[in-house]
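Have a look at the structure below before the remarks.
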Amino acid sequence: MDHTQIRNALKNCEKLILFQEIKTNSLILNLKENLNDENKSEQVLTDLIYQLIDLSIREGLQGDIWHNYLKKIITASENIFSLKAEKGEITAESSLYKLAANDLKIINKLFAFSFSDLASISGLTGFGYLSDFKLAASDLNIEKEELFQPLFASSNHEDNLEALLDFYYQHGASILNESRAFYWQNNKLSRVNNPDSITFDNLISYQNTQKKTDRKY
């Protein structure tokens, strides 16, 4: 995609209805403003690169750092569509489905260009490899990579909408898809980062329950 197409794709974010987090995201707003400025600030652009890299490292994701950033915003979005979708309450005939389809047309355009494209039109050279960002094996979150892989894998917005619906239904919206374990603190749900696997040794007195169950049969 060329400069005009990318700039238009970013501007069209203003038309998003359900995924407000993309429209109001500070990084995307700064990127849009900088691309519209003839005197582009390299400091702004390099700061954006740092934020994109930082998210990929924190989330343990490889691949295009721009696409990783977008997927994180979308999967973390807690809106009227995602909350209904996680309960399986969205049908193709519903107005929410049609609203989401309209949003996905806009979002698809953001996935149509890579970080390499962004760097190129911004006048930054030597950063194309960040479209295929690599992590050390110890930093890689394989589980999250597998969760994110089906998202926005198609150029067709309807296919991507179905994949997103399935994601929310299988894994939940917002914090619910960020971990396998949670704890309650200060009147809110918090995630456990990198939870250990649970074994029978961790289950207190499970043997007694098992014996009672065995006696029934």
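Residues in the structure tokens are numbered from 1 in each chain, the chains being A, B, ... in the order shown, and ligands are numbered from 1 in the order shown.
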Excluding range 155-167 of chain A and its own-chain neighbours fewer than 3 positions away, which residues fall within 8 Å of it when counting only C-alpha atoms? Please give them as a PyMOL selection string.
chain A and resi 82+85-86+100-101+104-105+108+112+147+150-152+170-172
Taking the chain letters and numbering used in this document, name the residues of range 52-158 of chain A that DSSP puts in alpha helix (DSSP H), as a PyMOL selection string.
chain A and resi 52-59+65-76+80-85+95-111+115-121+142-148+157-158
Residue contacts of Glu145 in chain A (10 Å, only C-alpha atoms) excluding same-chain residues fewer than 6 positions away, as a PDB file with C-alpha atoms, in the first residue's frame:
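For reference, result.pdb as written:
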ATOM      1  CA  GLU A  59       2.764 -10.678  24.962  1.00  0.00           C
ATOM      2  CA  GLY A  60       5.348 -13.165  23.676  1.00  0.00           C
ATOM      3  CA  LEU A  61       4.344 -12.707  20.042  1.00  0.00           C
ATOM      4  CA  GLN A  62       6.405 -13.034  16.888  1.00  0.00           C
ATOM      5  CA  GLY A  63       5.591 -11.803  13.403  1.00  0.00           C
ATOM      6  CA  ASN A  68       0.359  -7.929  16.815  1.00  0.00           C
TER       7      ASN A  68
END
Need the shell around Leu118 in chain A: protein/DNA/RNA residues with any atom at most 12 Å away, counting only C-alpha atoms. Skip same-chain ones fewer than 6 positions apart. Format as a ChimeraX atom specification?
/A:1-7,9-10,28,31-32,34-35,45-46,48-49,64-67,110-112,124-125,127-128,130-131
Spatial neighbours of range 71-79 of chain A, 7 Å, only C-alpha atoms, chain gap at least 3 places, as number ranges by chain:
A: 18-19, 21-22, 67-68, 82-83, 173-175
